[in-house]
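S.K.: Below: one structure in structure tokens.
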Amino acid sequence: MNPVIKRVTQRIVERSKPTRNDYMQRMQDAAGSGPHRSALSCGNLAHGFAACGDDGKEALSAEQRSNLAIVSAYNDMLSAHQPFEEYPSLIKQAAWDAGGIAQFAGGVPAMCDGVTQGQPGMELSLFSRDVIAMTTAIALSHNMFDAVACLGVCDKIVPGLLIGALSFGHLPTIFIPAGPMTTGISNDEKNQVRQRYAKGEIGRDELLASESRAYHSPGTCTFYGTANSNQLLMEFMGLHLPGGSFVNPGTQLRDVLTKAATTQILNNTQQAGNYKPLSEVVSEKTVVNGLIGLMASGGSTNHTLHLIAIARAAGIIIDWNDFDDISDATPLLARVYPNGSADVNHFAAAGGIQYMIRELLANGLLHEDVSTVVGTSMNDYLQEPFLDEDDIEWRDSASSSLDEEVVRPVSSPFSPNGGLKLLQGNLGRGVIKVSAVKEEHYSIEAPAMVFTDQDDVVTSFQNFELQKDVVIVLINQGPRSNGMPELHKLVPSLGVLQDQGYKVALVTDGRMSGASGKIPAAIHMSPEAKAGGPLGKVRDGDIVRLDAVAGTLEVMVDSQVFAEREYLAVTDTKSQVGFGRELFGQFRNIATPAEQGASSLYTETQAAD
């Protein structure tokens, strides 16, 4: 085992002992013995199976079969979640055939960041994760279930489902994906059209036609953003079936994998004699494996929030120092857009997740001895599924890359280090995604222009006020200010400036998302401006120095002068009401800092901070 990864894992274990022990004790107490339906009164149980057919009522009343809870993020507006419409019927039949039974326990909300980018709804996006966690808990609260199947794909949905399921961590749980849409136009072509629109060279009709060719059918968007980072992490953390993440929807293999996942999780129940609760699968080593997968693939910056929140839900405490140290020890093995030109379909065809796991295990860069939904070793994830008539045949995955422009061995990585870095200095602590940034842009020193609204940045660009070396400092974008929206709307404009030869960077207490691209962006700055963070003291013209190599971010102002400055007025009243934002006031008021997961959920791990 790589000594850095071994050391980081051990310090996480030591740091987490009190909260992890408390969590595991609660899960053991919850598990009790036997099916929990025995604890229900006759009236409770009658309500619980009133809508079942006679066979289902008999099975549940006699406790003959394990009962699988289906918790789904289905809606038919999100392309990634539309395929889930047919899953419940598949799962129910597969469960019955496997000697179990399944009930649709509940649906959770699922919003699309692609639809809400730059819109008021984006200010609800991050907190939707917490709502999803709570609604998952509500779905499971009926105490009718022996196992859980979580159906989710996109940005906040998988983290929310997992956080909620961990509150019922005594139940075996599996995640079942829907898969990516087939490839549309190339990501490079899509990005070029966006930049031409930002420069005013084409109109909205041409832009919409391009976007419609890119996002064209059911399935996950094919770039490597947060949604597809979620899918990769679920495999690295042993919560998917091996090789199931990037099988396209609407295919026979996709359906057979869904049925196989159902059978597998029923095999993990107490009744089946192979009890494997979620609380035992999500361990400190599991979380570290997720971090390694994130770094080796150049994954989404959103997981510098989500993995922290997920870990805390299991009583495990991680911070950005852990991310940074693991990134330094983990080579970058994949180039998938926006870190390269390939999409996730190309990535999967080139060897994908299974090849990465094979390389990392062989080089002591991944914990092998972990519990997963299919076994007790990450070696199980070296296999991939193939269709054999109406069943699955598991075969060894590729032992070498099928396209080294997309995925490479540890011996010749794209970079010796992972895709994320910690930044710290007199402006606080934040993170930067460097996997898509060219090395000549790793460091920048330029005057600041301070904004409190992303629309004002776009307006300044359109008015030709940003055509110079500049560090855009965008404040009042943190969780306590306006819910920490993604700021991807800025990417085309800032990309144009960089292409014109200017040195440009973004520094913000907001988010940029898995679509963070070629612009150096210091994001998630903490403490945020609303909470008195130093970012609120930066003024137009201050020289800001960002150095992703050294891991520093500083404003070049005399320390005494800077300390005596007043904070910029935090005027975010327009983010308090409208588009449902008035309902989330309490979420904003109690949200933890970004490095603690930017969460409004109370856990014992927050009390320990």
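We name chains A, B, ... following the order of the structure tokens; residues begin at 1 in each chain, and ligands are numbered from 1 as shown.
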Using DSSP assignments from the backbone, pull out every residue in region 33-169 of chain A that falls under strand (DSSP E) and give it to me as a list of chain:residue names.

M.R.: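 Those residues are A:Asn67, A:Leu68, A:Ala69, A:Ile70, A:Val71, A:Ser72, A:Ile101, A:Ala102, A:Gln103, A:Phe104, A:Ala105, A:Gly106, A:Gly107, A:Ala147, A:Val148, A:Ala149, A:Cys150, A:Leu151.
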
S.K.: Restricted to N, CA and C atoms, what would the selected residues look like written as a PDB file, in the first residue's frame?

M.R.:
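The result, written out as selection03.pdb:
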ATOM      1  N   ASN A  67     -38.178  -7.973   2.209  1.00  0.00           N
ATOM      2  CA  ASN A  67     -38.898  -6.883   1.551  1.00  0.00           C
ATOM      3  C   ASN A  67     -37.904  -5.795   1.155  1.00  0.00           C
ATOM      4  N   LEU A  68     -37.829  -5.523  -0.134  1.00  0.00           N
ATOM      5  CA  LEU A  68     -36.885  -4.555  -0.682  1.00  0.00           C
ATOM      6  C   LEU A  68     -37.572  -3.214  -0.886  1.00  0.00           C
ATOM      7  N   ALA A  69     -37.035  -2.165  -0.284  1.00  0.00           N
ATOM      8  CA  ALA A  69     -37.546  -0.811  -0.479  1.00  0.00           C
ATOM      9  C   ALA A  69     -36.943  -0.211  -1.741  1.00  0.00           C
ATOM     10  N   ILE A  70     -37.788   0.298  -2.614  1.00  0.00           N
ATOM     11  CA  ILE A  70     -37.325   1.029  -3.794  1.00  0.00           C
ATOM     12  C   ILE A  70     -37.466   2.518  -3.494  1.00  0.00           C
ATOM     13  N   VAL A  71     -36.357   3.243  -3.535  1.00  0.00           N
ATOM     14  CA  VAL A  71     -36.369   4.696  -3.354  1.00  0.00           C
ATOM     15  C   VAL A  71     -35.830   5.299  -4.646  1.00  0.00           C
ATOM     16  N   SER A  72     -36.661   6.058  -5.339  1.00  0.00           N
ATOM     17  CA  SER A  72     -36.327   6.470  -6.700  1.00  0.00           C
ATOM     18  C   SER A  72     -36.377   7.978  -6.879  1.00  0.00           C
ATOM     19  N   ILE A 101     -39.617  -9.775  -2.098  1.00  0.00           N
ATOM     20  CA  ILE A 101     -40.713  -8.916  -2.532  1.00  0.00           C
ATOM     21  C   ILE A 101     -40.193  -7.496  -2.502  1.00  0.00           C
ATOM     22  N   ALA A 102     -40.740  -6.616  -3.310  1.00  0.00           N
ATOM     23  CA  ALA A 102     -40.292  -5.216  -3.341  1.00  0.00           C
ATOM     24  C   ALA A 102     -41.492  -4.294  -3.320  1.00  0.00           C
ATOM     25  N   GLN A 103     -41.348  -3.203  -2.588  1.00  0.00           N
ATOM     26  CA  GLN A 103     -42.351  -2.153  -2.560  1.00  0.00           C
ATOM     27  C   GLN A 103     -41.698  -0.830  -2.922  1.00  0.00           C
ATOM     28  N   PHE A 104     -42.446   0.013  -3.642  1.00  0.00           N
ATOM     29  CA  PHE A 104     -41.943   1.355  -3.935  1.00  0.00           C
ATOM     30  C   PHE A 104     -42.128   2.190  -2.669  1.00  0.00           C
ATOM     31  N   ALA A 105     -41.022   2.424  -1.960  1.00  0.00           N
ATOM     32  CA  ALA A 105     -41.088   3.065  -0.644  1.00  0.00           C
ATOM     33  C   ALA A 105     -41.294   4.565  -0.736  1.00  0.00           C
ATOM     34  N   GLY A 106     -40.731   5.188  -1.762  1.00  0.00           N
ATOM     35  CA  GLY A 106     -40.890   6.632  -1.870  1.00  0.00           C
ATOM     36  C   GLY A 106     -40.067   7.215  -3.000  1.00  0.00           C
ATOM     37  N   GLY A 107     -40.490   8.391  -3.446  1.00  0.00           N
ATOM     38  CA  GLY A 107     -39.752   9.137  -4.447  1.00  0.00           C
ATOM     39  C   GLY A 107     -39.068  10.331  -3.807  1.00  0.00           C
ATOM     40  N   ALA A 147     -34.057  -4.395   3.042  1.00  0.00           N
ATOM     41  CA  ALA A 147     -32.970  -3.943   2.179  1.00  0.00           C
ATOM     42  C   ALA A 147     -33.477  -2.762   1.361  1.00  0.00           C
ATOM     43  N   VAL A 148     -32.554  -2.085   0.690  1.00  0.00           N
ATOM     44  CA  VAL A 148     -32.882  -0.851  -0.028  1.00  0.00           C
ATOM     45  C   VAL A 148     -32.233  -0.866  -1.404  1.00  0.00           C
ATOM     46  N   ALA A 149     -32.990  -0.447  -2.420  1.00  0.00           N
ATOM     47  CA  ALA A 149     -32.457  -0.180  -3.757  1.00  0.00           C
ATOM     48  C   ALA A 149     -32.650   1.302  -4.046  1.00  0.00           C
ATOM     49  N   CYS A 150     -31.550   2.025  -4.205  1.00  0.00           N
ATOM     50  CA  CYS A 150     -31.601   3.464  -4.472  1.00  0.00           C
ATOM     51  C   CYS A 150     -31.405   3.710  -5.955  1.00  0.00           C
ATOM     52  N   LEU A 151     -32.345   4.428  -6.564  1.00  0.00           N
ATOM     53  CA  LEU A 151     -32.300   4.736  -7.990  1.00  0.00           C
ATOM     54  C   LEU A 151     -31.999   6.224  -8.139  1.00  0.00           C
TER      55      LEU A 151
END

S.K.: Give me the residues near Gln28 (chain A) as a ChimeraX atom specification, where near means some atom within 12 Å (using only C-alpha atoms) and where sequence neighbours in that chain fewer than 6 positions away do not count.

M.R.: /A:21-22,168-171,276-280

S.K.: Based on the selection just made, write C-alpha atoms of those residues as a PDB file, in the first residue's frame.

M.R.:
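Saved file part.pdb follows:
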ATOM      1  CA  ASN A  21     -18.031   4.122  17.142  1.00  0.00           C
ATOM      2  CA  ASP A  22     -21.202   5.988  18.068  1.00  0.00           C
ATOM      3  CA  PHE A 168     -30.769   3.473   8.017  1.00  0.00           C
ATOM      4  CA  GLY A 169     -27.323   1.928   7.684  1.00  0.00           C
ATOM      5  CA  HIS A 170     -28.460  -1.307   9.326  1.00  0.00           C
ATOM      6  CA  LEU A 171     -30.179  -2.157   6.023  1.00  0.00           C
ATOM      7  CA  LYS A 276     -24.152  -7.055   4.860  1.00  0.00           C
ATOM      8  CA  PRO A 277     -25.555  -3.730   6.071  1.00  0.00           C
ATOM      9  CA  LEU A 278     -24.649  -0.424   4.416  1.00  0.00           C
ATOM     10  CA  SER A 279     -22.913   0.720   7.616  1.00  0.00           C
ATOM     11  CA  GLU A 280     -20.288  -2.001   7.172  1.00  0.00           C
TER      12      GLU A 280
END

S.K.: If we count only C-alpha atoms, what is near region 108-121 of chain A at a cut-off of 6 Å, once residues fewer than 2 positions away on the same chain are taken out, given as a list in words?

M.R.: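 Listing them by chain and then by number gives Ala73, Glu123, Leu124, Ile132, Thr135 and Lys489 of chain A.
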
S.K.: Select, from A:Trp96, A:Tyr23, A:Tyr87, A:Tyr442, the residue with the minimum atom-to-atom distance to Gly56 (chain A), counting only C-alpha atoms.

M.R.: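 So, comparing all the options, the nearest one is A:Trp96.
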
S.K.: Residues of region 3-119 of chain A within 7 Å of region 177-185 of chain A: nearest atom pair and distance (Å, one decimal) for each, counting only C-alpha atoms, sorted by chain and number, as JSON lines?

M.R.:
{"residue": "A:Ala80", "atom": "CA", "partner": "A:Ala178", "partner_atom": "CA", "distance": 6.8}
{"residue": "A:His81", "atom": "CA", "partner": "A:Ala178", "partner_atom": "CA", "distance": 6.9}
{"residue": "A:Pro83", "atom": "CA", "partner": "A:Ala178", "partner_atom": "CA", "distance": 6.2}
{"residue": "A:Phe84", "atom": "CA", "partner": "A:Ala178", "partner_atom": "CA", "distance": 6.7}

S.K.: Identify, on the basis of only C-alpha atoms, every residue whose closest approach to region 548-550 of chain A does not exceed 8 Å; exclude the query and any residue fewer than 6 positions from it along the same chain; express the result as a ChimeraX atom specification.

M.R.: /A:421,423,432,434,442-443

S.K.: How about saving the chosen residues, C-alpha atoms kept, as a PDB file, in the first residue's frame?

M.R.:
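What landed in selection_18.pdb:
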ATOM      1  CA  LYS A 421      -5.649  20.802  -5.073  1.00  0.00           C
ATOM      2  CA  LEU A 423      -5.462  26.372  -1.836  1.00  0.00           C
ATOM      3  CA  ILE A 432      -9.078  24.167  -7.393  1.00  0.00           C
ATOM      4  CA  VAL A 434      -6.379  21.548 -12.223  1.00  0.00           C
ATOM      5  CA  TYR A 442      -1.529  27.108 -12.907  1.00  0.00           C
ATOM      6  CA  SER A 443      -0.258  30.398 -11.502  1.00  0.00           C
TER       7      SER A 443
END

S.K.: Please measure the separation of CA of Ala313 (chain A) and CA of Ala133 (chain A), giving the value in Å to one decimal.

M.R.: 10.1 Å

S.K.: Residues at most 12 Å from Glu235 (chain A), counting only C-alpha atoms, excluding those fewer than 2 positions away in the same chain, as a compact mmCIF listing (two decimals) with N, CA and C atoms, in the first residue's frame?

M.R.:
# COMPACT_ATOMS: atom_id res chain seq x y z
N ILE A 174 -28.10 -1.04 -2.12
CA ILE A 174 -27.39 -1.04 -3.40
C ILE A 174 -27.88 0.15 -4.21
N PHE A 175 -27.00 0.71 -5.02
CA PHE A 175 -27.36 1.79 -5.94
C PHE A 175 -27.44 1.22 -7.35
N ILE A 176 -28.52 1.59 -8.04
CA ILE A 176 -28.76 1.07 -9.38
C ILE A 176 -28.81 2.25 -10.35
N PRO A 177 -27.87 2.34 -11.28
CA PRO A 177 -27.81 3.49 -12.19
C PRO A 177 -28.69 3.32 -13.41
N ASN A 228 -21.63 11.88 -13.59
CA ASN A 228 -20.82 10.72 -13.93
C ASN A 228 -19.71 10.48 -12.92
N SER A 229 -19.27 11.53 -12.22
CA SER A 229 -18.37 11.31 -11.07
C SER A 229 -19.08 10.48 -10.01
N ASN A 230 -20.37 10.77 -9.77
CA ASN A 230 -21.16 9.96 -8.84
C ASN A 230 -21.11 8.49 -9.21
N GLN A 231 -21.29 8.19 -10.49
CA GLN A 231 -21.35 6.80 -10.93
C GLN A 231 -20.01 6.10 -10.72
N LEU A 232 -18.94 6.80 -11.07
CA LEU A 232 -17.61 6.22 -10.85
C LEU A 232 -17.37 5.97 -9.37
N LEU A 233 -17.76 6.93 -8.52
CA LEU A 233 -17.53 6.76 -7.08
C LEU A 233 -18.34 5.60 -6.51
N MET A 237 -16.55 2.76 -4.47
CA MET A 237 -16.96 2.55 -3.08
C MET A 237 -17.75 1.26 -2.89
N GLY A 238 -17.85 0.45 -3.96
CA GLY A 238 -18.46 -0.87 -3.85
C GLY A 238 -19.96 -0.87 -3.67
N LEU A 239 -20.65 0.13 -4.19
CA LEU A 239 -22.09 0.26 -4.01
C LEU A 239 -22.89 0.00 -5.29
N HIS A 240 -22.22 -0.16 -6.42
CA HIS A 240 -22.81 -0.61 -7.68
C HIS A 240 -22.39 -2.05 -7.94
N LEU A 241 -23.08 -2.71 -8.84
CA LEU A 241 -22.51 -3.91 -9.43
C LEU A 241 -21.30 -3.51 -10.27
N PRO A 242 -20.28 -4.36 -10.35
CA PRO A 242 -19.11 -4.04 -11.17
C PRO A 242 -19.49 -3.77 -12.62
N GLY A 243 -18.92 -2.72 -13.18
CA GLY A 243 -19.11 -2.43 -14.60
C GLY A 243 -20.47 -1.93 -14.98
N GLY A 244 -21.29 -1.54 -14.01
CA GLY A 244 -22.66 -1.16 -14.32
C GLY A 244 -22.89 0.31 -14.58
N SER A 245 -21.88 1.14 -14.36
CA SER A 245 -22.13 2.58 -14.36
C SER A 245 -22.46 3.15 -15.74
N PHE A 246 -21.75 2.71 -16.76
CA PHE A 246 -21.82 3.39 -18.04
C PHE A 246 -22.39 2.50 -19.15
N THR A 286 -13.37 2.58 2.53
CA THR A 286 -14.28 2.83 1.41
C THR A 286 -14.24 4.30 1.01
N VAL A 287 -14.30 5.19 2.00
CA VAL A 287 -14.27 6.63 1.72
C VAL A 287 -12.95 7.01 1.06
N ASN A 289 -11.07 5.07 -0.77
CA ASN A 289 -11.13 4.58 -2.15
C ASN A 289 -11.92 5.54 -3.03
N GLY A 290 -12.99 6.11 -2.49
CA GLY A 290 -13.74 7.11 -3.25
C GLY A 290 -12.89 8.32 -3.56
N ILE A 292 -9.66 8.39 -3.86
CA ILE A 292 -8.66 7.99 -4.85
C ILE A 292 -9.27 7.96 -6.24
N GLY A 293 -10.46 7.38 -6.36
CA GLY A 293 -11.13 7.35 -7.66
C GLY A 293 -11.39 8.74 -8.19
N LEU A 294 -11.79 9.65 -7.30
CA LEU A 294 -12.04 11.04 -7.70
C LEU A 294 -10.78 11.67 -8.26
N GLY A 352 -12.15 2.11 -19.11
CA GLY A 352 -12.97 2.75 -18.10
C GLY A 352 -12.61 2.45 -16.66
N ILE A 353 -13.66 2.34 -15.85
CA ILE A 353 -13.49 2.20 -14.40
C ILE A 353 -12.73 0.93 -14.06
N GLN A 354 -13.06 -0.19 -14.72
CA GLN A 354 -12.42 -1.45 -14.37
C GLN A 354 -10.91 -1.40 -14.63
N MET A 356 -9.02 1.30 -14.58
CA MET A 356 -8.44 2.17 -13.55
C MET A 356 -8.27 1.42 -12.23
N ILE A 357 -9.31 0.70 -11.81
CA ILE A 357 -9.23 -0.06 -10.56
C ILE A 357 -8.11 -1.09 -10.63
N THR A 372 -17.97 -4.86 -0.05
CA THR A 372 -18.75 -4.27 -1.14
C THR A 372 -20.10 -4.98 -1.22
N VAL A 373 -20.96 -4.51 -2.08
CA VAL A 373 -22.26 -5.18 -2.21
C VAL A 373 -22.14 -6.56 -2.83
N VAL A 374 -20.99 -6.86 -3.43
CA VAL A 374 -20.84 -8.18 -4.08
C VAL A 374 -19.83 -9.08 -3.39
N MET A 378 -12.01 -5.53 -3.55
CA MET A 378 -12.13 -4.71 -4.76
C MET A 378 -11.73 -5.48 -6.01
N ASN A 379 -11.12 -6.65 -5.83
CA ASN A 379 -10.80 -7.47 -7.01
C ASN A 379 -12.06 -7.89 -7.76
N ASP A 380 -13.20 -7.92 -7.05
CA ASP A 380 -14.45 -8.23 -7.74
C ASP A 380 -14.78 -7.20 -8.82
N TYR A 381 -14.23 -5.99 -8.67
CA TYR A 381 -14.53 -4.91 -9.61
C TYR A 381 -13.56 -4.87 -10.79
N LEU A 382 -12.80 -5.96 -10.95
CA LEU A 382 -11.98 -6.12 -12.14
C LEU A 382 -12.74 -6.86 -13.23
N GLN A 383 -13.97 -7.25 -12.93
CA GLN A 383 -14.80 -7.92 -13.92
C GLN A 383 -15.83 -6.97 -14.49
N GLU A 384 -16.29 -7.26 -15.68
CA GLU A 384 -17.33 -6.45 -16.30
C GLU A 384 -18.40 -7.36 -16.91

S.K.: I want to know what sits within 12 Å of Ser559 (chain A), based on only C-alpha atoms, with residues of the same chain fewer than 2 positions away left out; could you give that as a PDB file with N, CA and C atoms, in the first residue's frame?

M.R.:
ATOM      1  N   GLY A 425      -4.292  30.515   2.203  1.00  0.00           N
ATOM      2  CA  GLY A 425      -3.508  31.731   2.373  1.00  0.00           C
ATOM      3  C   GLY A 425      -4.335  32.748   3.129  1.00  0.00           C
ATOM      4  N   ASN A 426      -4.029  34.022   2.938  1.00  0.00           N
ATOM      5  CA  ASN A 426      -4.739  35.051   3.708  1.00  0.00           C
ATOM      6  C   ASN A 426      -6.157  35.318   3.211  1.00  0.00           C
ATOM      7  N   LEU A 427      -6.593  34.593   2.167  1.00  0.00           N
ATOM      8  CA  LEU A 427      -7.989  34.682   1.724  1.00  0.00           C
ATOM      9  C   LEU A 427      -8.806  33.470   2.184  1.00  0.00           C
ATOM     10  N   PRO A 534     -12.368  36.463   4.783  1.00  0.00           N
ATOM     11  CA  PRO A 534     -11.526  37.550   4.261  1.00  0.00           C
ATOM     12  C   PRO A 534     -11.819  37.924   2.815  1.00  0.00           C
ATOM     13  N   LYS A 537     -13.170  41.337   2.118  1.00  0.00           N
ATOM     14  CA  LYS A 537     -12.346  42.545   2.287  1.00  0.00           C
ATOM     15  C   LYS A 537     -11.551  42.919   1.038  1.00  0.00           C
ATOM     16  N   GLU A 554      -3.432  34.307  -2.187  1.00  0.00           N
ATOM     17  CA  GLU A 554      -3.190  35.453  -1.323  1.00  0.00           C
ATOM     18  C   GLU A 554      -3.551  36.749  -2.018  1.00  0.00           C
ATOM     19  N   VAL A 555      -3.974  37.730  -1.217  1.00  0.00           N
ATOM     20  CA  VAL A 555      -4.110  39.094  -1.700  1.00  0.00           C
ATOM     21  C   VAL A 555      -2.883  39.854  -1.218  1.00  0.00           C
ATOM     22  N   MET A 556      -2.239  40.568  -2.129  1.00  0.00           N
ATOM     23  CA  MET A 556      -0.957  41.198  -1.829  1.00  0.00           C
ATOM     24  C   MET A 556      -1.188  42.599  -1.247  1.00  0.00           C
ATOM     25  N   VAL A 557      -1.734  42.603  -0.046  1.00  0.00           N
ATOM     26  CA  VAL A 557      -2.043  43.838   0.677  1.00  0.00           C
ATOM     27  C   VAL A 557      -1.408  43.734   2.054  1.00  0.00           C
ATOM     28  N   VAL A 561      -3.205  46.743   7.067  1.00  0.00           N
ATOM     29  CA  VAL A 561      -4.197  47.462   6.269  1.00  0.00           C
ATOM     30  C   VAL A 561      -5.389  46.555   5.972  1.00  0.00           C
ATOM     31  N   PHE A 562      -5.079  45.298   5.609  1.00  0.00           N
ATOM     32  CA  PHE A 562      -6.138  44.358   5.273  1.00  0.00           C
ATOM     33  C   PHE A 562      -6.996  44.046   6.496  1.00  0.00           C
ATOM     34  N   ALA A 563      -6.359  43.885   7.644  1.00  0.00           N
ATOM     35  CA  ALA A 563      -7.102  43.555   8.860  1.00  0.00           C
ATOM     36  C   ALA A 563      -8.044  44.678   9.271  1.00  0.00           C
ATOM     37  N   GLU A 564      -7.672  45.916   8.975  1.00  0.00           N
ATOM     38  CA  GLU A 564      -8.474  47.059   9.402  1.00  0.00           C
ATOM     39  C   GLU A 564      -9.598  47.402   8.420  1.00  0.00           C
ATOM     40  N   ARG A 565      -9.622  46.759   7.288  1.00  0.00           N
ATOM     41  CA  ARG A 565     -10.673  47.034   6.315  1.00  0.00           C
ATOM     42  C   ARG A 565     -12.030  46.543   6.813  1.00  0.00           C
TER      43      ARG A 565
END

S.K.: Excluding region 7-13 of chain A and any residue of its chain fewer than 5 positions from it, enumerate the residues within 8 Å of it, using only C-alpha atoms, and give them as a PyMOL selection string.

M.R.: chain A and resi 284-285+288+316-318+322+325-326

S.K.: Quote the spacing between CA of Val370 (chain A) and CA of Met24 (chain A) in Å to one decimal place.

M.R.: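 These atoms are spaced 16.4 Å apart.
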
S.K.: Identify, with DSSP run on backbone atoms, the residues in region 221-265 of chain A assigned to alpha helix (DSSP H), and express the list as JSON, numbers by chain.

M.R.: {"A": [226, 227, 228, 229, 230, 231, 232, 233, 234, 235, 236, 252, 253, 254, 255, 256, 257, 258, 259, 260, 261, 262, 263, 264, 265]}

S.K.: Check the smallest atom-to-atom distance from each of A:Leu402, A:Val450, A:Leu78, A:Ile91 to Pro218 (chain A) using only C-alpha atoms, then report the winner.

M.R.: A:Leu78

S.K.: Grab the CA of Pro159 (chain A) to CA of Leu305 (chain A) distance for me, in Å with one decimal place.

M.R.: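 Pair CA of Pro159 (chain A) / CA of Leu305 (chain A) returns 9.8 Å.
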
S.K.: Could you check which of A:Ala594, A:Val407, A:Ala309, A:Ala59 is closest to Ala348 (chain A), using only C-alpha atoms?

M.R.: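 Of A:Ala594, A:Val407, A:Ala309, A:Ala59, the one nearest Ala348 (chain A) is A:Val407, counting only C-alpha atoms.
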